[in-house]
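Next comes model31.txt, a file with compact mmCIF, C-alpha atoms.
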```
# COMPACT_ATOMS: atom_id res chain seq x y z
CA LYS A 1 -5.84 58.07 62.04
CA GLU A 2 -6.87 60.85 64.39
CA ASP A 3 -3.48 60.97 66.13
CA GLY A 4 -1.66 61.47 62.82
CA ALA A 5 -0.03 58.04 62.91
CA PRO A 6 0.01 56.12 59.64
CA PHE A 7 -2.89 53.73 59.15
CA ARG A 8 -1.52 50.18 58.96
CA PHE A 9 -3.20 46.81 59.23
CA GLU A 10 -2.64 43.17 58.32
CA ILE A 11 -4.56 41.05 55.84
CA LEU A 12 -4.48 37.39 56.87
CA LEU A 13 -4.38 35.07 53.87
CA GLN A 14 -4.52 31.34 53.28
CA THR A 15 -3.86 30.87 49.56
CA GLN A 16 -1.73 32.23 46.73
CA GLU A 17 -4.92 33.15 44.87
CA GLU A 18 -5.98 35.37 47.79
CA LYS A 19 -2.51 36.89 47.85
CA LYS A 20 -2.79 38.01 44.22
CA ILE A 21 -6.05 39.82 44.94
CA ALA A 22 -4.73 41.23 48.22
CA LEU A 23 -1.64 42.67 46.50
CA ALA A 24 -3.81 44.64 44.09
CA PHE A 25 -6.05 45.80 46.97
CA ALA A 26 -2.99 46.83 49.04
CA GLN A 27 -1.62 48.84 46.11
CA SER A 28 -4.92 50.72 45.86
CA LEU A 29 -4.83 51.43 49.59
CA GLN A 30 -1.24 52.65 49.36
CA ARG A 31 -2.41 55.50 47.09
CA LEU A 32 -4.58 56.61 50.03
CA GLY A 33 -1.64 56.45 52.44
CA ILE A 34 -2.83 53.19 54.01
CA THR A 35 -0.38 50.32 54.46
CA ALA A 36 -1.81 46.81 54.29
CA ASN A 37 0.69 44.12 55.23
CA LEU A 38 -0.02 40.65 53.87
CA ARG A 39 0.51 37.50 55.93
CA GLN A 40 -0.08 34.12 54.36
CA VAL A 41 -0.26 31.22 56.83
CA GLU A 42 -0.88 27.49 56.53
CA SER A 43 -4.45 26.18 56.80
CA ALA A 44 -4.46 25.03 60.45
CA GLN A 45 -3.06 28.35 61.68
CA TYR A 46 -5.46 30.25 59.42
CA GLN A 47 -8.47 28.35 60.77
CA GLY A 48 -7.30 28.82 64.37
CA ARG A 49 -6.90 32.56 63.89
CA LEU A 50 -10.24 32.77 62.08
CA ASP A 51 -12.00 30.87 64.88
CA SER A 52 -10.53 33.16 67.56
CA PHE A 53 -10.95 36.40 65.55
CA ASP A 54 -7.18 36.98 65.59
CA TYR A 55 -6.87 39.14 62.46
CA ASP A 56 -7.37 42.65 61.16
CA MET A 57 -8.84 41.59 57.82
CA VAL A 58 -9.52 38.31 56.01
CA PHE A 59 -10.97 37.30 52.65
CA PHE A 60 -14.18 35.37 52.99
CA THR A 61 -17.04 34.32 50.76
CA TRP A 62 -20.44 33.94 52.36
CA TRP A 63 -22.29 31.17 50.56
CA ASN A 64 -26.02 31.50 50.95
CA THR A 65 -28.92 29.38 49.86
CA LEU A 66 -31.74 30.67 47.71
CA SER A 67 -33.79 30.78 50.90
CA PRO A 68 -31.71 32.36 53.69
CA GLY A 69 -32.57 31.43 57.27
CA ASN A 70 -30.99 30.76 60.67
CA GLU A 71 -27.41 31.03 59.34
CA GLN A 72 -27.84 34.81 59.14
CA VAL A 73 -27.83 35.02 62.95
CA ASN A 74 -24.48 33.18 63.02
CA TYR A 75 -23.07 35.44 60.28
CA TRP A 76 -24.24 38.79 61.67
CA GLY A 77 -25.72 38.37 65.19
CA SER A 78 -24.24 40.12 68.24
CA ALA A 79 -24.03 36.91 70.29
CA ALA A 80 -21.95 35.29 67.55
CA ALA A 81 -19.47 38.20 67.55
CA ASP A 82 -17.96 36.96 70.82
CA MET A 83 -18.37 33.22 70.21
CA ASN A 84 -15.15 31.58 69.02
CA GLY A 85 -15.77 29.59 65.89
CA SER A 86 -18.79 31.59 64.76
CA ARG A 87 -18.92 33.13 61.31
CA ASN A 88 -19.51 36.70 62.46
CA TYR A 89 -16.03 37.56 61.14
CA PRO A 90 -16.60 41.34 61.02
CA GLY A 91 -17.66 41.34 64.70
CA VAL A 92 -21.06 42.92 64.02
CA LYS A 93 -22.85 43.95 67.23
CA ASN A 94 -25.98 45.85 66.37
CA PRO A 95 -29.47 45.29 67.85
CA ALA A 96 -31.19 46.32 64.60
CA ILE A 97 -29.16 43.77 62.62
CA ASP A 98 -29.89 41.14 65.29
CA ALA A 99 -33.62 41.73 64.84
CA LEU A 100 -33.40 41.65 61.04
CA ALA A 101 -31.32 38.45 61.00
CA GLN A 102 -33.75 36.77 63.38
CA SER A 103 -36.76 37.92 61.36
CA ILE A 104 -35.46 36.15 58.26
CA ALA A 105 -35.68 32.73 59.90
CA GLN A 106 -39.20 33.55 61.10
CA ALA A 107 -40.58 35.03 57.87
CA PRO A 108 -44.16 33.78 57.35
CA SER A 109 -44.06 34.05 53.55
CA ARG A 110 -41.68 34.27 50.60
CA GLU A 111 -42.60 37.94 50.18
CA ALA A 112 -41.73 38.66 53.82
CA LEU A 113 -38.48 36.70 53.47
CA VAL A 114 -37.42 38.78 50.47
CA THR A 115 -38.36 42.03 52.23
CA GLN A 116 -36.49 41.11 55.43
CA THR A 117 -33.43 39.89 53.51
CA ARG A 118 -33.25 43.12 51.54
CA ALA A 119 -33.57 45.12 54.76
CA LEU A 120 -30.72 43.13 56.33
CA ASP A 121 -28.61 43.71 53.22
CA ARG A 122 -29.21 47.49 53.41
CA ALA A 123 -28.33 47.55 57.12
CA LEU A 124 -25.11 45.61 56.52
CA LEU A 125 -24.12 47.89 53.64
CA TRP A 126 -24.90 50.94 55.77
CA GLY A 127 -22.58 49.65 58.52
CA TYR A 128 -19.59 49.12 56.19
CA TYR A 129 -18.82 45.73 57.78
CA THR A 130 -17.37 44.22 54.62
CA ILE A 131 -15.52 45.40 51.53
CA PRO A 132 -16.76 43.69 48.39
CA LEU A 133 -13.63 43.21 46.28
CA TYR A 134 -14.97 41.46 43.22
CA TYR A 135 -17.92 39.67 41.68
CA LEU A 136 -17.74 37.80 38.42
CA GLY A 137 -21.35 36.69 38.06
CA LYS A 138 -20.54 33.72 35.85
CA ASP A 139 -18.39 30.59 35.74
CA LEU A 140 -15.42 30.47 33.37
CA VAL A 141 -14.61 26.90 32.36
CA ALA A 142 -11.99 25.74 29.85
CA HIS A 143 -12.84 22.39 28.29
CA ASP A 144 -12.14 20.06 25.38
CA ALA A 145 -14.15 20.75 22.22
CA HIS A 146 -15.66 17.24 22.42
CA LEU A 147 -17.39 17.95 25.72
CA SER A 148 -20.98 19.13 25.60
CA SER A 149 -23.46 20.37 28.18
CA SER A 150 -27.03 21.53 28.32
CA PRO A 151 -27.65 25.14 27.32
CA ASN A 152 -29.82 25.42 30.45
CA VAL A 153 -27.48 26.53 33.26
CA PRO A 154 -28.49 25.21 36.70
CA THR A 155 -29.36 27.75 39.41
CA TYR A 156 -26.07 27.18 41.21
CA GLY A 157 -23.85 27.37 38.11
CA THR A 158 -21.76 24.84 36.22
CA VAL A 159 -22.30 21.18 37.13
CA ILE A 160 -19.54 19.26 35.34
CA GLU A 161 -21.08 15.91 36.32
CA THR A 162 -23.87 16.60 33.80
CA TRP A 163 -21.52 17.02 30.81
CA TRP A 164 -20.93 14.33 28.20
CA PHE A 165 -18.46 13.37 25.47
CA ASP A 166 -19.79 14.28 22.02
CA GLU A 167 -17.96 12.57 19.14
CA LYS A 168 -19.68 14.85 16.59
CA ALA A 169 -18.35 18.08 18.15
CA ASN A 170 -15.41 19.69 16.34
```

Can you give me the file's structure in the form of structure tokens?
Amino acid sequence: KEDGAPFRFEILLQTQEEKKIALAFAQSLQRLGITANLRQVESAQYQGRLDSFDYDMVFFTWWNTLSPGNEQVNYWGSAAADMNGSRNYPGVKNPAIDALAQSIAQAPSREALVTQTRALDRALLWGYYTIPLYYLGKDLVAHDAHLSSSPNVPTYGTVIETWWFDEKAN
């Protein structure tokens, strides 16, 4: 910090799984002289604090469709930054991002949608509003050898409801 005081902040957590990841992240920050305190709370308190933006940092996964639209304004729009219960968790207030988020919902073609979405992505990365901690890019599933599934993976990943019992499998 500019005043020479140590940089400390709290990471609000809801699950043990998040805590494991946060511990590794906090250890990395410690090497930089940054102290991240972890606070795990029960689900109702977590949701209340999330809704009222009462945190320094949280873990969150933004699930998007293959065709992003109006939800981008709620995720990144300036008006949502001050609206309790919105999903603008980083508190983004930027007129350029507002315009890009709005343009996605109004894109006249798939090509324009892709262009606008990429522009929004670049603007969000430029603003350092989030810290991507990990990305696996695939589903890991342990299963019995007698279960089979199609080799064609659906767009949204593993769909266990489409698996079947195969007596011939080893």

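Among A:Ser148, A:Asn64, A:Ser28, A:Ser43, the residue with the shortest atom-to-atom distance to Leu12 (chain A), counting all atoms listed in the file, is A:Ser43.
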
*asked:* So that I can see what lies close to region 80-92 of chain A, please list as a list of chain:residue names the residues with an atom at most 10 Å from it, counting only C-alpha atoms and leaving out residues fewer than 4 positions away in the same chain.
replied: A:Gln47, A:Gly48, A:Arg49, A:Leu50, A:Asp51, A:Ser52, A:Phe53, A:Asp54, A:Tyr55, A:Asp56, A:Met57, A:Val58, A:Phe59, A:Phe60, A:Trp62, A:Glu71, A:Gln72, A:Val73, A:Asn74, A:Tyr75, A:Trp76, A:Ile97, A:Asp98, A:Leu124, A:Gly127, A:Tyr128, A:Tyr129, A:Thr130

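Counting from CA of Ile160 (chain A), the distance to CA of Tyr135 (chain A) is 21.4 Å.
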
_Would you compute the distance between CA of Thr15 (chain A) and CA of Val41 (chain A)? Give it in Å to one decimal._
8.1 Å

*Within 12 Å of Glu17 (chain A), counting only C-alpha atoms, which residues qualify if same-chain residues fewer than 6 places away don't, as a ChimeraX atom specification?*
/A:23-24,40,59

Store the residues of this selection in a file with C-alpha atoms, as a PDB file, keeping the file's coordinate frame.
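Result went into selection.pdb, see below:
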```
ATOM      1  CA  LEU A  23      -1.640  42.670  46.500  1.00  0.00           C
ATOM      2  CA  ALA A  24      -3.810  44.640  44.090  1.00  0.00           C
ATOM      3  CA  GLN A  40      -0.080  34.120  54.360  1.00  0.00           C
ATOM      4  CA  PHE A  59     -10.970  37.300  52.650  1.00  0.00           C
TER       5      PHE A  59
END
```

*So, counting only C-alpha atoms, which residue among A:Pro95, A:Gly77, A:Pro132, A:Gly4 is closest to Thr61 (chain A)?*
A:Pro132

_What does the structure give for the distance between CA of Ala101 (chain A) and CA of Leu125 (chain A), in Å to one decimal?_
14.0 Å

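Distances to Phe7 (chain A) were evaluated for A:Asn94, A:Thr65, A:Gln30, A:Gln102 using all atoms listed in the file, and the minimum falls at A:Gln30.
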
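Using only C-alpha atoms, the shortest contact distance between Thr155 (chain A) and any of A:Ala22, A:Leu140, A:Leu66, A:Ala112 is found at A:Leu66.
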
*Identify which of the residues A:Arg31, A:Arg8, A:Lys138, A:Arg118 lies closest to Ser103 (chain A), counting all atoms listed in the file when measuring atom-to-atom distances.*
A:Arg118

*Please identify all polymer residues within 12 Å of Ala107 (chain A), counting all atoms listed in the file, omitting same-chain residues fewer than 6 positions from it, and present them as a ChimeraX atom specification.*
/A:67-70,99-101,113-117

Writing out the chosen residues with C-alpha atoms as an mmCIF file, in the coordinates of the input:
```cif
data_model
loop_
_atom_site.group_PDB
_atom_site.id
_atom_site.type_symbol
_atom_site.label_atom_id
_atom_site.label_comp_id
_atom_site.auth_asym_id
_atom_site.auth_seq_id
_atom_site.Cartn_x
_atom_site.Cartn_y
_atom_site.Cartn_z
ATOM 1 C CA SER A 67 -33.790 30.780 50.900
ATOM 2 C CA PRO A 68 -31.710 32.360 53.690
ATOM 3 C CA GLY A 69 -32.570 31.430 57.270
ATOM 4 C CA ASN A 70 -30.990 30.760 60.670
ATOM 5 C CA ALA A 99 -33.620 41.730 64.840
ATOM 6 C CA LEU A 100 -33.400 41.650 61.040
ATOM 7 C CA ALA A 101 -31.320 38.450 61.000
ATOM 8 C CA LEU A 113 -38.480 36.700 53.470
ATOM 9 C CA VAL A 114 -37.420 38.780 50.470
ATOM 10 C CA THR A 115 -38.360 42.030 52.230
ATOM 11 C CA GLN A 116 -36.490 41.110 55.430
ATOM 12 C CA THR A 117 -33.430 39.890 53.510
#
```

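The neighbours of Asn152 (chain A) here are the residues that come within 12 Å of it, using only C-alpha atoms and leaving out any residue fewer than 6 positions away in the same chain; they are Thr158, Val159, Thr162 and Trp163 of chain A.
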
Emit the selected residues as a PDB file, in the coordinates of the input, including C-alpha atoms.
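The resulting out_21.pdb:
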```
ATOM      1  CA  THR A 158     -21.760  24.840  36.220  1.00  0.00           C
ATOM      2  CA  VAL A 159     -22.300  21.180  37.130  1.00  0.00           C
ATOM      3  CA  THR A 162     -23.870  16.600  33.800  1.00  0.00           C
ATOM      4  CA  TRP A 163     -21.520  17.020  30.810  1.00  0.00           C
TER       5      TRP A 163
END
```
